[in-house]
$ cat model37.cif   # mmCIF, C-alpha atoms
data_coords
#
loop_
_atom_site.group_PDB
_atom_site.id
_atom_site.type_symbol
_atom_site.label_atom_id
_atom_site.label_comp_id
_atom_site.auth_asym_id
_atom_site.auth_seq_id
_atom_site.Cartn_x
_atom_site.Cartn_y
_atom_site.Cartn_z
ATOM 1 C CA PRO T 1 0.000 0.000 0.000
ATOM 2 C CA GLU T 2 1.022 3.615 -0.585
ATOM 3 C CA CYS T 3 2.654 5.308 2.419
ATOM 4 C CA ARG T 4 0.821 8.544 3.184
ATOM 5 C CA VAL T 5 2.529 9.586 6.423
ATOM 6 C CA PRO T 6 6.187 8.569 6.663
ATOM 7 C CA TYR T 7 7.613 8.917 10.167
ATOM 8 C CA VAL T 8 10.915 8.659 12.002
ATOM 9 C CA PHE T 9 12.187 8.903 15.552
ATOM 10 C CA VAL T 10 15.101 11.314 15.881
ATOM 11 C CA VAL T 11 18.009 11.338 18.314
ATOM 12 C CA GLY T 12 21.146 13.419 18.579
ATOM 13 C CA ALA T 13 23.934 10.938 18.033
ATOM 14 C CA ASN T 14 27.194 12.898 18.145
ATOM 15 C CA PRO T 15 28.105 14.278 21.595
ATOM 16 C CA GLU T 16 31.177 15.983 20.128
ATOM 17 C CA ARG T 17 29.035 18.298 18.010
ATOM 18 C CA GLU T 18 26.941 21.361 18.777
ATOM 19 C CA GLU T 19 23.240 20.979 19.584
ATOM 20 C CA PHE T 20 22.174 22.601 16.288
ATOM 21 C CA HIS T 21 23.356 21.697 12.782
ATOM 22 C CA ASN T 22 24.726 24.897 11.260
ATOM 23 C CA ASP T 23 27.541 23.806 8.936
ATOM 24 C CA ASN T 24 28.155 21.671 5.852
ATOM 25 C CA GLU T 25 28.730 18.379 7.650
ATOM 26 C CA VAL T 26 26.299 15.529 7.016
ATOM 27 C CA ILE T 27 22.993 15.974 8.840
ATOM 28 C CA ALA T 28 22.457 12.316 9.710
ATOM 29 C CA ILE T 29 24.943 9.615 10.698
ATOM 30 C CA GLU T 30 24.789 6.125 9.264
ATOM 31 C CA ARG T 31 23.502 3.582 11.759
ATOM 32 C CA SER T 32 26.658 1.482 11.435
ATOM 33 C CA LEU T 33 28.731 4.395 12.766
ATOM 34 C CA VAL T 34 26.652 4.941 15.910
ATOM 35 C CA ALA T 35 27.813 2.992 18.943
ATOM 36 C CA GLY T 36 25.025 0.971 20.517
ATOM 37 C CA ALA T 37 22.466 1.738 17.789
ATOM 38 C CA PRO T 38 19.662 -0.872 17.847
ATOM 39 C CA GLU T 39 19.898 -3.062 14.769
ATOM 40 C CA ASP T 40 16.223 -4.026 14.698
ATOM 41 C CA GLU T 41 14.777 -0.494 14.696
ATOM 42 C CA SER T 42 15.067 0.969 11.221
ATOM 43 C CA ASP T 43 12.824 3.983 11.916
ATOM 44 C CA ILE T 44 15.425 6.022 13.816
ATOM 45 C CA VAL T 45 17.362 8.933 12.297
ATOM 46 C CA PHE T 46 20.651 9.613 14.043
ATOM 47 C CA LEU T 47 21.236 13.343 13.722
ATOM 48 C CA ASN T 48 24.791 14.637 13.570
ATOM 49 C CA ILE T 49 24.363 16.831 16.660
ATOM 50 C CA ALA T 50 24.566 16.420 20.413
ATOM 51 C CA GLU T 51 21.355 15.111 21.974
ATOM 52 C CA ASN T 52 19.189 17.911 23.402
ATOM 53 C CA ASN T 53 15.587 18.911 23.928
ATOM 54 C CA MET T 54 15.794 22.697 23.882
ATOM 55 C CA HIS T 55 18.441 24.056 21.560
ATOM 56 C CA GLY T 56 18.234 22.712 18.061
ATOM 57 C CA LYS T 57 17.115 19.121 17.766
ATOM 58 C CA SER T 58 13.783 20.000 16.153
ATOM 59 C CA ALA T 59 15.305 22.589 13.838
ATOM 60 C CA THR T 60 17.893 20.032 12.741
ATOM 61 C CA PHE T 61 15.130 17.517 12.096
ATOM 62 C CA PHE T 62 13.317 20.080 9.928
ATOM 63 C CA LYS T 63 16.569 20.606 8.028
ATOM 64 C CA TRP T 64 16.828 16.849 7.476
ATOM 65 C CA ALA T 65 13.151 16.698 6.430
ATOM 66 C CA THR T 66 13.699 19.507 3.939
ATOM 67 C CA GLU T 67 16.581 17.670 2.282
ATOM 68 C CA ASN T 68 14.812 14.311 2.175
ATOM 69 C CA GLY T 69 11.141 15.197 1.912
ATOM 70 C CA ALA T 70 11.083 16.578 -1.608
ATOM 71 C CA ASP T 71 12.279 13.284 -3.110
ATOM 72 C CA LEU T 72 9.470 11.512 -1.239
ATOM 73 C CA GLN T 73 6.894 14.082 -2.397
ATOM 74 C CA VAL T 74 6.281 15.117 1.199
ATOM 75 C CA ASP T 75 4.327 18.365 1.555
ATOM 76 C CA PHE T 76 4.598 18.962 5.307
ATOM 77 C CA ALA T 77 6.872 18.061 8.217
ATOM 78 C CA ALA T 78 5.605 17.758 11.783
ATOM 79 C CA LYS T 79 7.045 17.422 15.250
ATOM 80 C CA VAL T 80 5.239 15.061 17.640
ATOM 81 C CA ALA T 81 6.338 14.714 21.259
ATOM 82 C CA HIS T 82 7.332 11.253 22.428
ATOM 83 C CA ASP T 83 4.501 11.084 24.979
ATOM 84 C CA THR T 84 1.756 11.831 22.441
ATOM 85 C CA LEU T 85 -0.743 9.454 20.838
ATOM 86 C CA LEU T 86 -2.269 10.594 17.543
ATOM 87 C CA ASP T 87 -5.538 9.350 16.136
ATOM 88 C CA LEU T 88 -4.338 8.460 12.638
ATOM 89 C CA THR T 89 -7.833 8.431 11.139
ATOM 90 C CA LEU T 90 -8.438 11.991 12.302
ATOM 91 C CA LEU T 91 -4.956 12.975 11.175
ATOM 92 C CA MET T 92 -5.664 11.663 7.689
ATOM 93 C CA ASP T 93 -9.013 13.470 7.626
ATOM 94 C CA PHE T 94 -7.199 16.689 8.527
ATOM 95 C CA ILE T 95 -4.582 16.181 5.815
ATOM 96 C CA GLU T 96 -7.103 15.337 3.111
ATOM 97 C CA LEU T 97 -9.771 17.918 3.967
ATOM 98 C CA ASP T 98 -7.804 20.884 5.296
ATOM 99 C CA LEU T 99 -4.247 20.855 3.970
ATOM 100 C CA PRO T 100 -3.538 21.673 0.323
ATOM 101 C CA ALA T 101 -0.774 19.827 -1.458
ATOM 102 C CA ALA T 102 2.318 21.559 -2.813
ATOM 103 C CA PRO T 103 2.687 24.070 -4.337
ATOM 104 C CA TYR T 104 -0.557 25.463 -2.882
ATOM 105 C CA ASN T 105 0.576 24.906 0.710
ATOM 106 C CA ARG T 106 3.268 27.575 0.719
ATOM 107 C CA ARG T 107 4.037 29.267 4.038
ATOM 108 C CA THR T 108 1.666 27.078 6.081
ATOM 109 C CA TYR T 109 2.339 26.502 9.785
ATOM 110 C CA GLY T 110 0.064 25.205 12.504
ATOM 111 C CA GLY T 111 -0.633 23.214 15.635
ATOM 112 C CA GLY T 112 -1.946 23.790 19.114
ATOM 113 C CA ILE T 113 -1.637 27.528 19.698
ATOM 114 C CA TRP T 114 0.169 29.298 22.535
ATOM 115 C CA GLY T 115 1.279 32.883 23.094
ATOM 116 C CA TYR T 116 4.689 34.348 23.804
ATOM 117 C CA PHE T 117 5.442 37.445 25.829
ATOM 118 C CA TRP T 118 8.439 38.950 24.066
ATOM 119 C CA GLU T 119 7.547 40.662 20.781
ATOM 120 C CA GLY T 120 3.933 39.514 21.206
ATOM 121 C CA GLY T 121 2.343 36.890 19.033
ATOM 122 C CA TYR T 122 1.699 33.177 19.083
ATOM 123 C CA TYR T 123 3.249 29.906 17.952
ATOM 124 C CA GLY T 124 2.524 26.240 17.382
ATOM 125 C CA THR T 125 3.379 24.410 20.561
ATOM 126 C CA SER T 126 4.109 20.875 21.694
ATOM 127 C CA PRO T 127 3.037 18.189 21.549
ATOM 128 C CA PHE T 128 2.160 18.602 17.848
ATOM 129 C CA TYR T 129 2.927 21.249 15.286
ATOM 130 C CA PHE T 130 3.684 21.178 11.583
ATOM 131 C CA MET T 131 4.886 23.324 8.707
ATOM 132 C CA SER T 132 5.131 23.150 4.939
ATOM 133 C CA LEU T 133 8.553 22.187 3.625
ATOM 134 C CA ASP T 134 9.288 25.703 2.386
ATOM 135 C CA VAL T 135 8.783 27.010 5.937
ATOM 136 C CA ALA T 136 10.912 24.166 7.290
ATOM 137 C CA ALA T 137 13.668 25.188 4.866
ATOM 138 C CA PHE T 138 13.411 28.809 6.020
ATOM 139 C CA VAL T 139 13.669 27.832 9.698
ATOM 140 C CA ALA T 140 16.480 25.352 9.120
ATOM 141 C CA THR T 141 18.727 27.848 7.366
ATOM 142 C CA ARG T 142 18.402 30.663 9.917
ATOM 143 C CA GLN T 143 20.472 31.148 13.045
ATOM 144 C CA ILE T 144 18.054 30.841 15.969
ATOM 145 C CA ASP T 145 19.149 32.400 19.251
ATOM 146 C CA TRP T 146 17.370 29.826 21.495
ATOM 147 C CA SER T 147 16.746 32.631 23.959
ATOM 148 C CA THR T 148 13.900 31.223 26.034
ATOM 149 C CA GLU T 149 14.702 27.583 26.900
ATOM 150 C CA ASN T 150 11.596 26.679 24.861
ATOM 151 C CA GLU T 151 12.482 25.281 21.466
ATOM 152 C CA ASP T 152 8.937 25.368 20.076
ATOM 153 C CA HIS T 153 8.647 29.030 21.058
ATOM 154 C CA ASP T 154 11.936 29.979 19.419
ATOM 155 C CA ILE T 155 11.107 28.093 16.228
ATOM 156 C CA GLY T 156 7.731 29.866 16.123
ATOM 157 C CA ARG T 157 9.452 33.238 16.466
ATOM 158 C CA MET T 158 11.665 32.336 13.529
ATOM 159 C CA VAL T 159 8.709 31.170 11.403
ATOM 160 C CA PHE T 160 7.058 34.570 11.804
ATOM 161 C CA LYS T 161 10.243 36.357 10.757
ATOM 162 C CA HIS T 162 9.503 35.128 7.241
ATOM 163 C CA PRO T 163 9.271 38.140 4.918
ATOM 164 C CA LYS T 164 5.918 36.981 3.526
ATOM 165 C CA PRO T 165 2.623 36.233 5.331
ATOM 166 C CA ILE T 166 2.358 32.938 7.208
ATOM 167 C CA LYS T 167 -0.913 30.993 7.107
ATOM 168 C CA PHE T 168 -1.422 29.632 10.630
ATOM 169 C CA VAL T 169 -3.750 26.658 11.176
ATOM 170 C CA ASN T 170 -5.056 26.602 14.754
ATOM 171 C CA LEU T 171 -5.736 23.049 15.957
ATOM 172 C CA ASN T 172 -6.994 23.984 19.421
ATOM 173 C CA THR T 173 -10.574 23.524 18.271
ATOM 174 C CA ARG T 174 -9.866 20.086 16.810
ATOM 175 C CA THR T 175 -7.146 18.355 18.805
ATOM 176 C CA PHE T 176 -6.731 14.811 17.491
ATOM 177 C CA TRP T 177 -4.225 13.546 20.034
ATOM 178 C CA HIS T 178 -3.763 12.603 23.678
ATOM 179 C CA GLU T 179 -0.718 14.131 25.342
ATOM 180 C CA ASN T 180 1.416 13.816 28.476
ATOM 181 C CA LEU T 181 1.303 10.013 28.419
ATOM 182 C CA GLU T 182 4.379 9.578 30.577
ATOM 183 C CA THR T 183 3.946 5.916 31.544
ATOM 184 C CA PRO T 184 3.110 2.700 29.680
ATOM 185 C CA GLU T 185 -0.075 2.481 31.764
ATOM 186 C CA ALA T 186 -1.210 5.946 30.651
ATOM 187 C CA TRP T 187 -0.393 5.139 27.033
ATOM 188 C CA ASN T 188 -2.297 1.830 27.122
ATOM 189 C CA ASP T 189 -5.279 3.439 28.841
ATOM 190 C CA ALA T 190 -5.490 6.157 26.178
ATOM 191 C CA TRP T 191 -5.190 3.613 23.374
ATOM 192 C CA SER T 192 -7.668 1.135 24.861
ATOM 193 C CA THR T 193 -10.367 3.333 26.356
ATOM 194 C CA ARG T 194 -10.044 6.993 25.390
ATOM 195 C CA MET T 195 -9.654 7.236 21.615
ATOM 196 C CA ASP T 196 -13.377 7.939 21.246
ATOM 197 C CA GLU T 197 -12.830 11.173 23.226
ATOM 198 C CA LEU T 198 -11.079 12.632 20.194
ATOM 199 C CA PRO T 199 -11.181 15.181 18.729
ATOM 200 C CA ILE T 200 -10.968 17.399 21.795
ATOM 201 C CA ARG T 201 -12.349 20.890 21.334
ATOM 202 C CA LYS T 202 -10.544 23.576 23.311
ATOM 203 C CA PRO T 203 -11.026 27.357 23.211
ATOM 204 C CA ALA T 204 -9.486 28.784 20.068
ATOM 205 C CA ILE T 205 -6.961 30.696 22.194
ATOM 206 C CA GLU T 206 -6.633 29.855 25.885
ATOM 207 C CA ASN T 207 -5.964 33.425 27.003
ATOM 208 C CA THR T 208 -6.531 32.767 30.708
ATOM 209 C CA LYS T 209 -3.966 29.955 30.798
ATOM 210 C CA ILE T 210 -1.495 31.941 28.689
ATOM 211 C CA CYS T 211 -1.763 34.966 30.992
ATOM 212 C CA GLN T 212 -1.416 32.741 34.063
ATOM 213 C CA SER T 213 1.765 31.243 32.628
ATOM 214 C CA PHE T 214 3.137 34.776 32.165
ATOM 215 C CA LYS T 215 2.299 35.530 35.799
ATOM 216 C CA ASP T 216 3.971 32.316 36.954
ATOM 217 C CA GLN T 217 7.128 33.360 35.101
ATOM 218 C CA GLY T 218 7.026 36.823 36.681
ATOM 219 C CA LEU T 219 6.497 38.513 33.330
ATOM 220 C CA ILE T 220 3.301 40.312 34.342
ATOM 221 C CA LYS T 221 1.985 41.294 37.770
ATOM 222 C CA TYR T 222 -1.747 41.780 37.243
#
$ encode --input "model37.cif" --output "structure tokens"
Amino acid sequence: PECRVPYVFVVGANPEREEFHNDNEVIAIERSLVAGAPEDESDIVFLNIAENNMHGKSATFFKWATENGADLQVDFAAKVAHDTLLDLTLLMDFIELDLPAAPYNRRTYGGGIWGYFWEGGYYGTSPFYFMSLDVAAFVATRQIDWSTENEDHDIGRMVFKHPKPIKFVNLNTRTFWHENLETPEAWNDAWSTRMDELPIRKPAIENTKICQSFKDQGLIKY
């Protein structure tokens, strides 16, 4: 059958490198060159960076997706957190009904929406966000300052530095995943008994929670 949604797991596999790929070295390391790489798991990409969760792993993945996605006729690249369970039927419905194929998908970016304090604005946040390959290429070739210890936030800031308008797709009102499944028991429970809860419909923008998070960080006092 035709593969509609190719996926990979990504890990930083070179502790001697920086946490973000910003040179002309290879982006991914061959499995045979990675010490301790599992031989029976062919769906892992070993990125040529140091392992990290905050300062460049996702941007390096988007760089890898940009270089490899075009040959596979991939229109979008997405980041999914490791503790997230997607409903694939709802995902496919979203792709087929709401996302145009290339080249009509230019400058598309979306996910669950969250706000950031500095500069104002919003961004696609974990556990799921996506972007068209042209946006991924833009992000991957820019130097990101990683100023906030929140990689999704910093990538979102870079997306909106694009010189042309970005089309943002807000998935808060149709969330087709369960998140924060930190244990096997939580994962199995979601898979076995809670898939019919999806999609979850949240407020389009959760302003109260966003403002509370700013208060918790000491950014606002009222």
$ closest_residue --input "model37.cif" --among "T:Tyr123, T:Tyr116, T:Phe128, T:Leu90" --to "T:Leu219" --atoms "all atoms listed in the file"
T:Tyr116
$ resolve_selection --input "model37.cif" --expression "the PyMOL selection byres ((chain T and resi 200) around 10)" --output "list in words"
Leu171, Asn172, Thr173, Arg174, Thr175, Phe176, Trp177, His178, Asp196, Glu197, Leu198, Pro199, Arg201 and Lys202 of chain T
$ atom_distance --input "model37.cif" --atom1 "atom CA of T:Phe117" --atom2 "atom CA of T:Glu151"
14.7 Å
$ closest_residue --input "model37.cif" --among "T:Glu41, T:Glu25, T:Asp98, T:Glu185" --to "T:Phe9" --atoms "all atoms listed in the file"
T:Glu41
$ resolve_selection --input "model37.cif" --expression "the PyMOL selection byres ((chain T and resi 211) around 12)" --output "CSV table (one decimal) with C-alpha atoms, keeping the file's coordinate frame"
chain,number,residue,atom,x,y,z
T,114,TRP,CA,0.2,29.3,22.5
T,115,GLY,CA,1.3,32.9,23.1
T,116,TYR,CA,4.7,34.3,23.8
T,117,PHE,CA,5.4,37.4,25.8
T,205,ILE,CA,-7.0,30.7,22.2
T,206,GLU,CA,-6.6,29.9,25.9
T,207,ASN,CA,-6.0,33.4,27.0
T,208,THR,CA,-6.5,32.8,30.7
T,209,LYS,CA,-4.0,30.0,30.8
T,210,ILE,CA,-1.5,31.9,28.7
T,212,GLN,CA,-1.4,32.7,34.1
T,213,SER,CA,1.8,31.2,32.6
T,214,PHE,CA,3.1,34.8,32.2
T,215,LYS,CA,2.3,35.5,35.8
T,216,ASP,CA,4.0,32.3,37.0
T,217,GLN,CA,7.1,33.4,35.1
T,218,GLY,CA,7.0,36.8,36.7
T,219,LEU,CA,6.5,38.5,33.3
T,220,ILE,CA,3.3,40.3,34.3
T,221,LYS,CA,2.0,41.3,37.8
T,222,TYR,CA,-1.7,41.8,37.2
$ atom_distance --input "model37.cif" --atom1 "atom CA of T:Pro163" --atom2 "atom CA of T:Trp64"
22.7 Å
$ resolve_selection --input "model37.cif" --expression "the PyMOL selection byres ((chain T and resi 156) around 12)" --output "PDB file with C-alpha atoms, keeping the file's coordinate frame"
ATOM      1  CA  SER T  58      13.783  20.000  16.153  1.00  0.00           C
ATOM      2  CA  ALA T  59      15.305  22.589  13.838  1.00  0.00           C
ATOM      3  CA  TYR T 109       2.339  26.502   9.785  1.00  0.00           C
ATOM      4  CA  GLY T 110       0.064  25.205  12.504  1.00  0.00           C
ATOM      5  CA  GLY T 111      -0.633  23.214  15.635  1.00  0.00           C
ATOM      6  CA  GLY T 112      -1.946  23.790  19.114  1.00  0.00           C
ATOM      7  CA  ILE T 113      -1.637  27.528  19.698  1.00  0.00           C
ATOM      8  CA  TRP T 114       0.169  29.298  22.535  1.00  0.00           C
ATOM      9  CA  GLY T 115       1.279  32.883  23.094  1.00  0.00           C
ATOM     10  CA  TYR T 116       4.689  34.348  23.804  1.00  0.00           C
ATOM     11  CA  GLU T 119       7.547  40.662  20.781  1.00  0.00           C
ATOM     12  CA  GLY T 120       3.933  39.514  21.206  1.00  0.00           C
ATOM     13  CA  GLY T 121       2.343  36.890  19.033  1.00  0.00           C
ATOM     14  CA  TYR T 122       1.699  33.177  19.083  1.00  0.00           C
ATOM     15  CA  TYR T 123       3.249  29.906  17.952  1.00  0.00           C
ATOM     16  CA  GLY T 124       2.524  26.240  17.382  1.00  0.00           C
ATOM     17  CA  THR T 125       3.379  24.410  20.561  1.00  0.00           C
ATOM     18  CA  SER T 126       4.109  20.875  21.694  1.00  0.00           C
ATOM     19  CA  TYR T 129       2.927  21.249  15.286  1.00  0.00           C
ATOM     20  CA  PHE T 130       3.684  21.178  11.583  1.00  0.00           C
ATOM     21  CA  MET T 131       4.886  23.324   8.707  1.00  0.00           C
ATOM     22  CA  VAL T 135       8.783  27.010   5.937  1.00  0.00           C
ATOM     23  CA  ALA T 136      10.912  24.166   7.290  1.00  0.00           C
ATOM     24  CA  PHE T 138      13.411  28.809   6.020  1.00  0.00           C
ATOM     25  CA  VAL T 139      13.669  27.832   9.698  1.00  0.00           C
ATOM     26  CA  ILE T 144      18.054  30.841  15.969  1.00  0.00           C
ATOM     27  CA  TRP T 146      17.370  29.826  21.495  1.00  0.00           C
ATOM     28  CA  THR T 148      13.900  31.223  26.034  1.00  0.00           C
ATOM     29  CA  ASN T 150      11.596  26.679  24.861  1.00  0.00           C
ATOM     30  CA  GLU T 151      12.482  25.281  21.466  1.00  0.00           C
ATOM     31  CA  ASP T 152       8.937  25.368  20.076  1.00  0.00           C
ATOM     32  CA  HIS T 153       8.647  29.030  21.058  1.00  0.00           C
ATOM     33  CA  ASP T 154      11.936  29.979  19.419  1.00  0.00           C
ATOM     34  CA  ILE T 155      11.107  28.093  16.228  1.00  0.00           C
ATOM     35  CA  ARG T 157       9.452  33.238  16.466  1.00  0.00           C
ATOM     36  CA  MET T 158      11.665  32.336  13.529  1.00  0.00           C
ATOM     37  CA  VAL T 159       8.709  31.170  11.403  1.00  0.00           C
ATOM     38  CA  PHE T 160       7.058  34.570  11.804  1.00  0.00           C
ATOM     39  CA  LYS T 161      10.243  36.357  10.757  1.00  0.00           C
ATOM     40  CA  HIS T 162       9.503  35.128   7.241  1.00  0.00           C
ATOM     41  CA  ILE T 166       2.358  32.938   7.208  1.00  0.00           C
ATOM     42  CA  PHE T 168      -1.422  29.632  10.630  1.00  0.00           C
TER      43      PHE T 168
END
$ closest_residue --input "model37.cif" --among "T:Asn14, T:Pro127, T:Val5, T:Val34" --to "T:Thr84" --atoms "all atoms listed in the file"
T:Pro127
$ residues_around --input "model37.cif" --residues "T:Phe46" --least-positions-apart "3" --cutoff "8 Å" --atoms "all atoms listed in the file" --output "PyMOL selection string"
chain T and resi 10-13+28-31+34
$ write_last_selection --input "model37.cif" --atoms "C-alpha atoms" --output "PDB file, keeping the file's coordinate frame"
ATOM      1  CA  VAL T  10      15.101  11.314  15.881  1.00  0.00           C
ATOM      2  CA  VAL T  11      18.009  11.338  18.314  1.00  0.00           C
ATOM      3  CA  GLY T  12      21.146  13.419  18.579  1.00  0.00           C
ATOM      4  CA  ALA T  13      23.934  10.938  18.033  1.00  0.00           C
ATOM      5  CA  ALA T  28      22.457  12.316   9.710  1.00  0.00           C
ATOM      6  CA  ILE T  29      24.943   9.615  10.698  1.00  0.00           C
ATOM      7  CA  GLU T  30      24.789   6.125   9.264  1.00  0.00           C
ATOM      8  CA  ARG T  31      23.502   3.582  11.759  1.00  0.00           C
ATOM      9  CA  VAL T  34      26.652   4.941  15.910  1.00  0.00           C
TER      10      VAL T  34
END
$ closest_residue --input "model37.cif" --among "T:Asn180, T:Asn24, T:Asn188, T:Asp75" --to "T:Glu96" --atoms "only C-alpha atoms"
T:Asp75
$ atom_distance --input "model37.cif" --atom1 "atom CA of T:Ile95" --atom2 "atom CA of T:Asn68"
19.8 Å
$ closest_residue --input "model37.cif" --among "T:Cys3, T:Ala70, T:Ala186, T:Leu133" --to "T:Arg107" --atoms "only C-alpha atoms"
T:Leu133
$ closest_residue --input "model37.cif" --among "T:Ser132, T:Asn105, T:Thr89, T:Asn22" --to "T:Lys57" --atoms "all atoms listed in the file"
T:Asn22
$ decode --input "model37.cif" --residues "stretch 4-17 of chain T" --atoms "N, CA, C and O atoms" --output "short mmCIF file (atom, residue, chain, number, x, y, z; two decimals), in the first residue's frame"
data_model
loop_
_atom_site.label_atom_id
_atom_site.label_comp_id
_atom_site.auth_asym_id
_atom_site.auth_seq_id
_atom_site.Cartn_x
_atom_site.Cartn_y
_atom_site.Cartn_z
N ARG T 4 1.31 7.17 3.19
CA ARG T 4 0.82 8.54 3.18
C ARG T 4 1.52 9.42 4.23
O ARG T 4 1.64 10.62 4.04
N VAL T 5 1.92 8.81 5.34
CA VAL T 5 2.53 9.59 6.42
C VAL T 5 3.81 8.89 6.87
O VAL T 5 3.80 8.10 7.82
N PRO T 6 4.92 9.14 6.19
CA PRO T 6 6.19 8.57 6.66
C PRO T 6 6.58 9.20 8.00
O PRO T 6 6.28 10.36 8.26
N TYR T 7 7.23 8.42 8.85
CA TYR T 7 7.61 8.92 10.17
C TYR T 7 9.00 8.42 10.51
O TYR T 7 9.49 7.41 9.98
N VAL T 8 9.65 9.11 11.43
CA VAL T 8 10.92 8.66 12.00
C VAL T 8 10.97 9.12 13.45
O VAL T 8 10.29 10.07 13.85
N PHE T 9 11.76 8.41 14.25
CA PHE T 9 12.19 8.90 15.55
C PHE T 9 13.55 9.55 15.35
O PHE T 9 14.36 9.06 14.55
N VAL T 10 13.82 10.62 16.06
CA VAL T 10 15.10 11.31 15.88
C VAL T 10 15.84 11.40 17.21
O VAL T 10 15.24 11.66 18.26
N VAL T 11 17.14 11.20 17.14
CA VAL T 11 18.01 11.34 18.31
C VAL T 11 19.28 12.07 17.89
O VAL T 11 19.75 11.92 16.75
N GLY T 12 19.82 12.85 18.79
CA GLY T 12 21.15 13.42 18.58
C GLY T 12 22.18 12.36 18.88
O GLY T 12 22.19 11.78 19.97
N ALA T 13 23.06 12.11 17.92
CA ALA T 13 23.93 10.94 18.03
C ALA T 13 25.42 11.27 18.06
O ALA T 13 26.24 10.36 18.02
N ASN T 14 25.78 12.55 18.14
CA ASN T 14 27.19 12.90 18.14
C ASN T 14 27.48 13.88 19.27
O ASN T 14 27.34 15.10 19.09
N PRO T 15 27.89 13.39 20.45
CA PRO T 15 28.11 14.28 21.60
C PRO T 15 29.25 15.26 21.41
O PRO T 15 29.39 16.21 22.19
N GLU T 16 30.06 15.06 20.37
CA GLU T 16 31.18 15.98 20.13
C GLU T 16 30.76 17.18 19.29
O GLU T 16 31.57 18.08 19.04
N ARG T 17 29.51 17.21 18.86
CA ARG T 17 29.04 18.30 18.01
C ARG T 17 28.20 19.28 18.82
O ARG T 17 27.84 19.05 19.98
#
